[in-house]
file entry.txt (compact mmCIF, C-alpha atoms)
# COMPACT_ATOMS: atom_id res chain seq x y z
CA MET E 26 38.06 77.56 43.01
CA PHE E 27 36.27 80.07 45.24
CA ALA E 28 36.37 77.63 48.15
CA ILE E 29 40.14 77.29 47.77
CA GLN E 30 40.51 81.09 47.74
CA VAL E 31 38.48 81.32 50.94
CA ILE E 32 40.53 78.63 52.68
CA VAL E 33 43.84 80.14 51.60
CA ALA E 34 42.75 83.66 52.57
CA VAL E 35 41.54 82.51 55.99
CA LEU E 36 44.72 80.51 56.68
CA VAL E 37 47.04 83.28 55.50
CA GLY E 38 45.08 85.92 57.45
CA ALA E 39 45.09 83.75 60.58
CA PHE E 40 48.84 83.18 60.28
CA ILE E 41 49.55 86.87 59.72
CA GLY E 42 47.34 87.85 62.69
CA TRP E 43 48.96 85.24 64.92
CA ILE E 44 52.56 86.00 63.91
CA THR E 45 51.98 89.75 64.29
CA ASN E 46 50.76 89.43 67.87
CA HIS E 47 53.42 86.80 68.65
CA VAL E 48 56.20 89.13 67.49
CA ALA E 49 54.65 92.05 69.37
CA ILE E 50 54.63 90.01 72.59
CA LYS E 51 58.21 88.90 72.05
CA MET E 52 59.24 92.49 71.50
CA LEU E 53 58.18 93.27 75.06
CA PHE E 54 61.49 91.68 76.10
CA ARG E 55 63.45 90.97 72.92
CA PRO E 56 66.00 91.90 72.00
CA LEU E 57 67.51 92.23 75.45
CA THR E 58 70.09 94.76 74.31
CA ALA E 59 70.17 97.58 71.77
CA LYS E 60 71.14 96.63 68.21
CA TYR E 61 73.16 99.00 66.00
CA ILE E 62 73.70 99.25 62.23
CA PHE E 63 76.58 101.53 61.26
CA GLY E 64 76.34 103.21 64.64
CA TRP E 65 72.62 103.81 64.30
CA ARG E 66 70.38 102.15 66.89
CA VAL E 67 67.74 99.97 65.34
CA PRO E 68 64.27 101.25 66.37
CA GLY E 69 62.50 99.02 68.88
CA THR E 70 65.75 97.73 70.40
CA PRO E 71 66.09 96.72 73.13
CA GLY E 72 62.61 95.42 73.91
CA VAL E 73 59.97 97.58 75.53
CA ILE E 74 60.53 96.34 79.09
CA PRO E 75 64.38 96.34 79.05
CA ARG E 76 64.32 99.80 77.43
CA ASN E 77 61.93 101.22 80.03
CA ARG E 78 63.20 99.24 82.97
CA VAL E 79 63.75 102.23 85.26
CA GLU E 80 60.28 103.63 84.62
CA LEU E 81 58.78 100.15 85.09
CA ALA E 82 60.59 99.70 88.39
CA GLN E 83 59.44 103.10 89.66
CA GLY E 84 55.86 102.45 88.56
CA MET E 85 55.76 99.05 90.25
CA ALA E 86 57.30 100.54 93.40
CA ASN E 87 54.67 103.29 93.52
CA ILE E 88 51.82 100.82 93.03
CA VAL E 89 53.07 98.44 95.72
CA ALA E 90 53.99 101.13 98.27
CA HIS E 91 51.09 103.55 97.75
CA LYS E 92 48.26 101.32 96.55
CA LEU E 93 48.83 97.81 97.88
CA LEU E 94 51.01 97.77 101.01
CA THR E 95 49.71 100.91 102.70
CA PRO E 96 49.31 101.12 106.50
CA GLU E 97 45.54 101.33 106.02
CA THR E 98 45.19 98.22 103.82
CA LEU E 99 47.71 96.19 105.78
CA GLY E 100 46.31 97.32 109.13
CA LYS E 101 42.77 96.44 108.08
CA ARG E 102 43.90 92.99 107.01
CA LEU E 103 46.14 92.31 110.02
CA LEU E 104 43.47 93.46 112.49
CA SER E 105 40.62 91.56 110.83
CA GLU E 106 38.78 89.00 112.94
CA GLU E 107 39.98 86.28 110.61
CA MET E 108 43.64 87.16 111.17
CA VAL E 109 43.24 87.62 114.95
CA THR E 110 41.46 84.26 115.14
CA LYS E 111 44.32 82.61 113.24
CA ILE E 112 46.90 84.12 115.60
CA GLU E 113 44.90 83.09 118.65
CA GLY E 114 44.56 79.60 117.19
CA PHE E 115 48.31 79.46 116.57
CA ILE E 116 49.03 80.38 120.21
CA ASN E 117 46.49 77.86 121.52
CA ASN E 118 47.95 75.13 119.31
CA HIS E 119 51.40 75.96 120.63
CA VAL E 120 50.13 75.72 124.22
CA LYS E 121 48.45 72.39 123.35
CA LYS E 122 51.69 71.00 121.89
CA LEU E 123 53.56 72.27 124.93
CA TYR E 124 51.04 70.47 127.14
CA GLN E 125 51.51 67.24 125.18
CA LYS E 126 55.33 67.35 125.08
CA ASN E 127 55.26 68.35 128.76
CA PRO E 128 58.81 69.65 129.37
CA THR E 129 59.73 71.19 132.71
CA LEU E 130 59.34 74.93 133.13
CA GLY E 131 63.12 75.24 133.24
CA GLU E 132 63.49 73.31 129.96
CA PHE E 133 60.84 75.50 128.37
CA ILE E 134 62.59 78.71 129.44
CA GLN E 135 65.94 77.37 128.25
CA GLY E 136 64.51 76.23 124.91
CA ILE E 137 62.91 79.62 124.20
CA PHE E 138 65.35 82.09 125.73
CA GLY E 139 68.57 80.08 126.19
CA GLN E 140 70.70 78.94 129.09
CA GLU E 141 71.55 82.48 130.19
CA ALA E 142 67.87 83.32 130.66
CA LEU E 143 67.36 80.18 132.73
CA ALA E 144 70.34 81.11 134.89
CA GLY E 145 68.93 84.62 135.23
CA VAL E 146 65.59 83.27 136.49
CA GLY E 147 67.42 81.11 139.02
CA ALA E 148 69.49 84.09 140.17
CA TYR E 149 66.37 86.20 140.50
CA LEU E 150 64.63 83.60 142.63
CA LYS E 151 67.71 83.17 144.80
CA GLU E 152 69.01 86.71 145.15
CA ASP E 153 66.37 89.29 144.30
CA VAL E 154 63.51 87.57 146.06
CA SER E 155 65.77 86.73 149.01
CA SER E 156 66.95 90.32 149.30
CA VAL E 157 63.38 91.64 149.30
CA VAL E 158 62.25 89.15 151.93
CA SER E 159 65.42 89.68 154.00
CA ALA E 160 64.80 93.43 154.04
CA LYS E 161 61.30 92.77 155.34
CA LEU E 162 62.67 90.46 158.03
CA ALA E 163 65.12 93.16 159.18
CA ASP E 164 62.25 95.62 159.69
CA PRO E 165 61.60 96.03 163.48
CA GLU E 166 57.87 96.10 162.79
CA MET E 167 58.14 92.58 161.38
CA ALA E 168 59.62 91.26 164.65
CA LYS E 169 57.00 93.14 166.63
CA ASP E 170 54.11 91.77 164.59
CA LEU E 171 55.52 88.26 164.66
CA THR E 172 55.98 88.42 168.45
CA SER E 173 52.39 89.61 168.92
CA LYS E 174 51.09 86.74 166.82
CA ILE E 175 53.20 84.22 168.76
CA ILE E 176 51.85 85.52 172.09
CA ASP E 177 48.27 85.44 170.80
CA GLN E 178 48.72 81.84 169.69
CA VAL E 179 50.30 80.85 173.03
CA LYS E 180 47.45 82.46 174.98
CA THR E 181 44.89 80.44 173.02
CA LYS E 182 46.69 77.22 174.01
CA ILE E 183 46.77 77.95 177.78
CA ASP E 184 43.74 76.94 179.80
CA ASN E 185 44.76 78.74 183.01
CA PRO E 186 43.56 82.37 182.81
CA LEU E 187 46.19 83.63 185.28
CA ILE E 188 49.07 82.17 183.28
CA ALA E 189 47.53 83.47 180.07
CA MET E 190 47.40 86.95 181.54
CA ALA E 191 51.10 86.70 182.52
CA VAL E 192 52.27 85.74 179.03
CA PRO E 193 52.33 89.34 177.65
CA MET E 194 54.88 90.19 180.35
CA PHE E 195 57.44 88.28 178.31
CA GLN E 196 56.70 90.15 175.07
CA GLY E 197 59.79 92.38 175.31
CA THR E 198 62.16 89.48 175.90
CA LEU E 199 60.49 87.42 173.19
CA GLU E 200 60.58 90.30 170.75
CA ALA E 201 64.32 90.75 171.30
CA SER E 202 64.89 87.04 170.69
CA VAL E 203 62.78 87.09 167.56
CA THR E 204 64.65 90.16 166.28
CA GLN E 205 67.99 88.47 166.90
CA PHE E 206 66.85 85.29 165.16
CA LEU E 207 65.52 87.11 162.12
CA THR E 208 68.66 89.23 161.85
CA GLN E 209 71.13 86.37 162.18
CA GLN E 210 69.28 83.39 160.73
CA GLY E 211 66.56 84.95 158.60
CA THR E 212 68.59 85.69 155.47
CA PRO E 213 70.34 82.28 155.16
CA LEU E 214 67.03 80.55 155.85
CA VAL E 215 65.20 82.59 153.23
CA MET E 216 67.94 82.05 150.66
CA ARG E 217 67.85 78.31 151.23
CA LEU E 218 64.07 78.22 151.00
CA ALA E 219 64.06 80.48 147.92
CA THR E 220 66.64 78.27 146.21
CA GLU E 221 64.74 75.07 147.04
CA GLN E 222 61.34 76.46 146.12
CA GLY E 223 62.74 78.11 143.01
CA GLN E 224 64.24 74.86 141.81
CA ARG E 225 60.98 73.04 142.54
CA PHE E 226 59.18 75.69 140.53
CA LEU E 227 61.57 75.28 137.58
CA ASP E 228 61.20 71.47 137.82
CA MET E 229 57.42 71.68 137.50
CA LYS E 230 56.02 70.05 134.37
CA MET E 231 54.43 72.48 131.93
CA ALA E 232 51.19 70.50 131.96
CA ASP E 233 51.00 71.02 135.73
CA VAL E 234 51.83 74.71 135.35
CA ILE E 235 49.12 75.16 132.69
CA ASP E 236 46.56 73.30 134.79
CA LYS E 237 47.48 75.13 138.00
CA TYR E 238 47.56 78.58 136.43
CA LYS E 239 44.86 78.04 133.79
CA SER E 240 43.18 81.41 134.27
CA GLN E 241 46.55 83.19 134.20
CA VAL E 242 47.46 81.36 130.97
CA GLU E 243 44.16 82.47 129.41
CA ASN E 244 44.83 86.04 130.54
CA LEU E 245 48.34 85.80 129.10
CA ILE E 246 46.98 84.73 125.71
CA GLU E 247 44.48 87.58 125.73
CA GLY E 248 47.28 89.95 126.69
CA MET E 249 49.43 88.73 123.78
CA ILE E 250 46.54 89.30 121.36
CA GLU E 251 46.01 92.81 122.74
CA ILE E 252 49.75 93.55 122.44
CA TYR E 253 49.58 92.38 118.80
CA ARG E 254 46.65 94.73 118.13
CA LYS E 255 48.45 97.63 119.80
CA ILE E 256 51.63 97.06 117.79
CA ILE E 257 49.67 96.99 114.51
CA ARG E 258 47.69 100.13 115.38
CA GLU E 259 50.56 102.20 116.71
CA GLN E 260 53.73 100.85 115.11
CA LEU E 261 52.74 99.59 111.64
CA PRO E 262 53.04 103.01 109.88
CA ARG E 263 56.49 103.56 111.39
CA MET E 264 57.58 100.01 110.54
CA LEU E 265 56.51 100.40 106.89
CA SER E 266 58.19 103.80 106.74
CA ASN E 267 61.44 102.32 108.04
CA LEU E 268 61.20 99.45 105.56
CA ASP E 269 60.85 101.95 102.68
CA ILE E 270 58.98 99.45 100.50
CA SER E 271 59.07 101.74 97.47
CA THR E 272 62.86 101.80 97.41
CA MET E 273 63.07 98.05 98.06
CA VAL E 274 60.74 97.18 95.16
CA ARG E 275 62.42 99.62 92.78
CA ALA E 276 65.89 98.27 93.61
CA GLU E 277 64.75 94.65 93.21
CA VAL E 278 63.19 95.26 89.80
CA GLU E 279 66.11 97.36 88.55
CA ASN E 280 68.67 94.76 89.65
CA MET E 281 66.68 91.72 88.56
CA ASP E 282 68.10 89.72 85.66
CA VAL E 283 66.08 90.43 82.51
CA HIS E 284 65.72 86.72 81.79
CA ARG E 285 64.29 86.19 85.26
CA LEU E 286 61.94 89.15 84.84
CA GLU E 287 60.75 87.69 81.54
CA GLU E 288 60.15 84.30 83.18
CA ILE E 289 58.07 85.91 85.94
CA VAL E 290 55.91 87.89 83.53
CA LEU E 291 55.38 84.93 81.19
CA GLU E 292 54.65 82.62 84.11
CA VAL E 293 51.89 84.94 85.32
CA MET E 294 50.57 86.10 81.95
CA ARG E 295 51.19 83.09 79.68
CA LYS E 296 47.53 82.13 79.29
CA HIS E 297 46.51 85.73 78.63
CA LEU E 298 49.33 86.28 76.13
CA ASN E 299 48.43 83.06 74.32
CA PHE E 300 44.84 84.30 74.18
CA ILE E 301 46.05 87.51 72.54
CA GLU E 302 47.84 85.45 69.88
CA TYR E 303 44.68 83.39 69.27
CA VAL E 304 42.62 86.57 69.00
CA GLY E 305 45.12 87.88 66.44
CA ALA E 306 44.77 84.66 64.44
CA ALA E 307 40.97 84.87 64.60
CA LEU E 308 40.91 88.50 63.51
CA GLY E 309 43.37 87.72 60.70
CA ALA E 310 41.15 84.87 59.53
CA ILE E 311 38.07 87.10 59.58
CA LEU E 312 39.86 89.85 57.66
CA GLY E 313 41.10 87.32 55.11
CA LEU E 314 37.59 86.04 54.62
CA ILE E 315 36.20 89.58 54.33
CA ASN E 316 38.91 90.41 51.76
CA VAL E 317 37.95 87.43 49.56
CA LEU E 318 34.26 88.25 49.81
CA VAL E 319 34.86 91.91 48.94
CA ASN E 320 36.98 90.94 45.92
CA GLN E 321 34.30 88.48 44.81
CA VAL E 322 31.65 91.19 45.01
CA ILE E 323 33.82 93.62 43.06
CA ILE E 324 34.39 91.04 40.33
CA PHE E 325 30.66 90.47 39.98
call {"tool": "encode", "arguments": {"input": "entry.txt", "output": "structure tokens"}}
result
Amino acid sequence: MFAIQVIVAVLVGAFIGWITNHVAIKMLFRPLTAKYIFGWRVPGTPGVIPRNRVELAQGMANIVAHKLLTPETLGKRLLSEEMVTKIEGFINNHVKKLYQKNPTLGEFIQGIFGQEALAGVGAYLKEDVSSVVSAKLADPEMAKDLTSKIIDQVKTKIDNPLIAMAVPMFQGTLEASVTQFLTQQGTPLVMRLATEQGQRFLDMKMADVIDKYKSQVENLIEGMIEIYRKIIREQLPRMLSNLDISTMVRAEVENMDVHRLEEIVLEVMRKHLNFIEYVGAALGAILGLINVLVNQVIIF
């Protein structure tokens, strides 16, 4: 008889402890809306979280904005050696894939920046470079220097000293001819050469470009890493301020469907909430056992 009392007391206590905690957990969300009896709101309705949704949203926003996603914590993480190594590895992998696919430089520029950018590069090579070189060719000093170099080269090719000494006498005439040539033919010639060389440059395979300018590519990667560090150090606080994370989080929580919010919480906390129910059952069982033992002692 006593054994049956113990078993019943333990089972009833466990059930009461479990059901109490189970209902308490459910009341975090349920009911979703306020319930009324004769115009009087039933206490505990709606559930704790729906009833305090605004305060919950503000609290979560403050924690995320001021404790988790601060410029200091984010900056420390983004500037860590691990993160920088990952970014450098990502860039190197991209260069490696580019080397393996081996498009032309023009195709690479078009793929990244679009057709307009490719056309802009071509126009720069044809017009801007040509205009700079043409301006240099129109400089009288250019003709003078070029004439001097021509005469020096001619003198080295002449074995007769007397004729070599007479060559500088023609410098003025030669300089005038060189000036005329550069003025009339220099610009078209430079534009044609710039167009041809520019197109050859754009037709180069990326593997050849990477091999030819290997040190420049390495410097470019280092420069990109340094730019990344500079942006994080100098711009991260302003970027986070412009994002206004606190407002974003608060708005998301306030506008989130209660069912979805419940799913998120239960998905994260299900094991812990189940543990609370089991603890309630265990405590109920212990209290039931203690109650039977106390009554047995009193009877005796």
call {"tool": "closest_residue", "arguments": {"input": "entry.txt", "among": "E:Asn280, E:Ser105, E:Thr129, E:Thr98", "to": "Arg254 (chain E)", "atoms": "all atoms listed in the file"}}
result
E:Ser105
call {"tool": "closest_residue", "arguments": {"input": "entry.txt", "among": "E:Leu291, E:Ala310, E:Ile246, E:Ile32", "to": "Glu113 (chain E)", "atoms": "all atoms listed in the file"}}
result
E:Ile246
call {"tool": "residues_around", "arguments": {"input": "entry.txt", "residues": "Ala86 (chain E)", "least_positions_apart": "6", "cutoff": "6 Å", "atoms": "all atoms listed in the file", "output": "VMD selection string"}}
result
chain E and resid 271 274 to 275
call {"tool": "atom_distance", "arguments": {"input": "entry.txt", "atom1": "CA of Leu81 (chain E)", "atom2": "CA of Met273 (chain E)"}}
result
13.8 Å
call {"tool": "atom_distance", "arguments": {"input": "entry.txt", "atom1": "CA of His47 (chain E)", "atom2": "CA of Val304 (chain E)"}}
result
10.8 Å
call {"tool": "atom_distance", "arguments": {"input": "entry.txt", "atom1": "CA of Glu107 (chain E)", "atom2": "CA of Ala90 (chain E)"}}
result
23.9 Å
call {"tool": "closest_residue", "arguments": {"input": "entry.txt", "among": "E:Ile250, E:Leu286, E:Ile315, E:Glu106", "to": "Pro75 (chain E)", "atoms": "all atoms listed in the file"}}
result
E:Leu286
call {"tool": "closest_residue", "arguments": {"input": "entry.txt", "among": "E:Leu314, E:Ile134, E:Ile74, E:Ala232", "to": "Lys122 (chain E)", "atoms": "all atoms listed in the file"}}
result
E:Ala232
call {"tool": "residues_near_point", "arguments": {"input": "entry.txt", "point": "(54.5, 69.1, 129.4)", "cutoff": "6 Å", "atoms": "all atoms listed in the file", "output": "JSON, numbers by chain"}}
result
{"E": [123, 124, 125, 126, 127, 128, 230, 231, 232]}
call {"tool": "build_atoms", "arguments": {"input": "entry.txt", "residues": "region 115-143 of chain E", "atoms": "N, CA and C atoms", "output": "PDB file, keeping the file's coordinate frame"}}
result
ATOM      1  N   PHE E 115      46.900  79.845 116.586  1.00  0.00           N
ATOM      2  CA  PHE E 115      48.310  79.460 116.570  1.00  0.00           C
ATOM      3  C   PHE E 115      48.862  79.372 117.991  1.00  0.00           C
ATOM      4  N   ILE E 116      48.540  80.372 118.817  1.00  0.00           N
ATOM      5  CA  ILE E 116      49.030  80.380 120.210  1.00  0.00           C
ATOM      6  C   ILE E 116      48.430  79.207 120.975  1.00  0.00           C
ATOM      7  N   ASN E 117      47.129  78.971 120.817  1.00  0.00           N
ATOM      8  CA  ASN E 117      46.490  77.860 121.520  1.00  0.00           C
ATOM      9  C   ASN E 117      47.052  76.514 121.091  1.00  0.00           C
ATOM     10  N   ASN E 118      47.340  76.367 119.794  1.00  0.00           N
ATOM     11  CA  ASN E 118      47.950  75.130 119.310  1.00  0.00           C
ATOM     12  C   ASN E 118      49.340  74.930 119.910  1.00  0.00           C
ATOM     13  N   HIS E 119      50.077  76.041 120.033  1.00  0.00           N
ATOM     14  CA  HIS E 119      51.400  75.960 120.630  1.00  0.00           C
ATOM     15  C   HIS E 119      51.307  75.543 122.099  1.00  0.00           C
ATOM     16  N   VAL E 120      50.333  76.104 122.818  1.00  0.00           N
ATOM     17  CA  VAL E 120      50.130  75.720 124.220  1.00  0.00           C
ATOM     18  C   VAL E 120      49.725  74.248 124.304  1.00  0.00           C
ATOM     19  N   LYS E 121      48.885  73.794 123.368  1.00  0.00           N
ATOM     20  CA  LYS E 121      48.450  72.390 123.350  1.00  0.00           C
ATOM     21  C   LYS E 121      49.631  71.458 123.110  1.00  0.00           C
ATOM     22  N   LYS E 122      50.496  71.816 122.151  1.00  0.00           N
ATOM     23  CA  LYS E 122      51.690  71.000 121.890  1.00  0.00           C
ATOM     24  C   LYS E 122      52.616  70.994 123.087  1.00  0.00           C
ATOM     25  N   LEU E 123      52.721  72.157 123.730  1.00  0.00           N
ATOM     26  CA  LEU E 123      53.560  72.270 124.930  1.00  0.00           C
ATOM     27  C   LEU E 123      53.006  71.369 126.030  1.00  0.00           C
ATOM     28  N   TYR E 124      51.701  71.314 126.138  1.00  0.00           N
ATOM     29  CA  TYR E 124      51.040  70.470 127.140  1.00  0.00           C
ATOM     30  C   TYR E 124      51.315  68.997 126.848  1.00  0.00           C
ATOM     31  N   GLN E 125      51.300  68.632 125.556  1.00  0.00           N
ATOM     32  CA  GLN E 125      51.510  67.240 125.180  1.00  0.00           C
ATOM     33  C   GLN E 125      52.972  66.816 125.340  1.00  0.00           C
ATOM     34  N   LYS E 126      53.901  67.674 124.932  1.00  0.00           N
ATOM     35  CA  LYS E 126      55.330  67.350 125.080  1.00  0.00           C
ATOM     36  C   LYS E 126      55.735  67.366 126.549  1.00  0.00           C
ATOM     37  N   ASN E 127      55.122  68.280 127.307  1.00  0.00           N
ATOM     38  CA  ASN E 127      55.260  68.350 128.760  1.00  0.00           C
ATOM     39  C   ASN E 127      56.709  68.442 129.253  1.00  0.00           C
ATOM     40  N   PRO E 128      57.480  69.435 128.787  1.00  0.00           N
ATOM     41  CA  PRO E 128      58.810  69.650 129.370  1.00  0.00           C
ATOM     42  C   PRO E 128      58.665  70.327 130.732  1.00  0.00           C
ATOM     43  N   THR E 129      59.780  70.432 131.460  1.00  0.00           N
ATOM     44  CA  THR E 129      59.730  71.190 132.710  1.00  0.00           C
ATOM     45  C   THR E 129      59.734  72.682 132.369  1.00  0.00           C
ATOM     46  N   LEU E 130      59.345  73.494 133.345  1.00  0.00           N
ATOM     47  CA  LEU E 130      59.340  74.930 133.130  1.00  0.00           C
ATOM     48  C   LEU E 130      60.744  75.429 132.819  1.00  0.00           C
ATOM     49  N   GLY E 131      61.737  74.856 133.504  1.00  0.00           N
ATOM     50  CA  GLY E 131      63.120  75.240 133.240  1.00  0.00           C
ATOM     51  C   GLY E 131      63.549  74.901 131.817  1.00  0.00           C
ATOM     52  N   GLU E 132      63.162  73.717 131.331  1.00  0.00           N
ATOM     53  CA  GLU E 132      63.490  73.310 129.960  1.00  0.00           C
ATOM     54  C   GLU E 132      62.800  74.219 128.951  1.00  0.00           C
ATOM     55  N   PHE E 133      61.568  74.597 129.268  1.00  0.00           N
ATOM     56  CA  PHE E 133      60.840  75.500 128.370  1.00  0.00           C
ATOM     57  C   PHE E 133      61.530  76.852 128.279  1.00  0.00           C
ATOM     58  N   ILE E 134      61.910  77.412 129.431  1.00  0.00           N
ATOM     59  CA  ILE E 134      62.590  78.710 129.440  1.00  0.00           C
ATOM     60  C   ILE E 134      63.913  78.615 128.694  1.00  0.00           C
ATOM     61  N   GLN E 135      64.653  77.537 128.921  1.00  0.00           N
ATOM     62  CA  GLN E 135      65.940  77.370 128.250  1.00  0.00           C
ATOM     63  C   GLN E 135      65.768  77.197 126.744  1.00  0.00           C
ATOM     64  N   GLY E 136      64.736  76.450 126.339  1.00  0.00           N
ATOM     65  CA  GLY E 136      64.510  76.230 124.910  1.00  0.00           C
ATOM     66  C   GLY E 136      64.114  77.496 124.178  1.00  0.00           C
ATOM     67  N   ILE E 137      63.370  78.384 124.840  1.00  0.00           N
ATOM     68  CA  ILE E 137      62.910  79.620 124.200  1.00  0.00           C
ATOM     69  C   ILE E 137      63.948  80.724 124.298  1.00  0.00           C
ATOM     70  N   PHE E 138      64.498  80.921 125.483  1.00  0.00           N
ATOM     71  CA  PHE E 138      65.350  82.090 125.730  1.00  0.00           C
ATOM     72  C   PHE E 138      66.831  81.749 125.912  1.00  0.00           C
ATOM     73  N   GLY E 139      67.167  80.451 126.049  1.00  0.00           N
ATOM     74  CA  GLY E 139      68.570  80.080 126.190  1.00  0.00           C
ATOM     75  C   GLY E 139      68.975  79.839 127.633  1.00  0.00           C
ATOM     76  N   GLN E 140      70.184  79.297 127.775  1.00  0.00           N
ATOM     77  CA  GLN E 140      70.700  78.940 129.090  1.00  0.00           C
ATOM     78  C   GLN E 140      70.895  80.160 129.985  1.00  0.00           C
ATOM     79  N   GLU E 141      71.314  81.272 129.396  1.00  0.00           N
ATOM     80  CA  GLU E 141      71.550  82.480 130.190  1.00  0.00           C
ATOM     81  C   GLU E 141      70.253  82.970 130.837  1.00  0.00           C
ATOM     82  N   ALA E 142      69.157  82.897 130.093  1.00  0.00           N
ATOM     83  CA  ALA E 142      67.870  83.320 130.660  1.00  0.00           C
ATOM     84  C   ALA E 142      67.464  82.428 131.813  1.00  0.00           C
ATOM     85  N   LEU E 143      67.683  81.114 131.656  1.00  0.00           N
ATOM     86  CA  LEU E 143      67.360  80.180 132.730  1.00  0.00           C
ATOM     87  C   LEU E 143      68.194  80.486 133.976  1.00  0.00           C
TER      88      LEU E 143
END
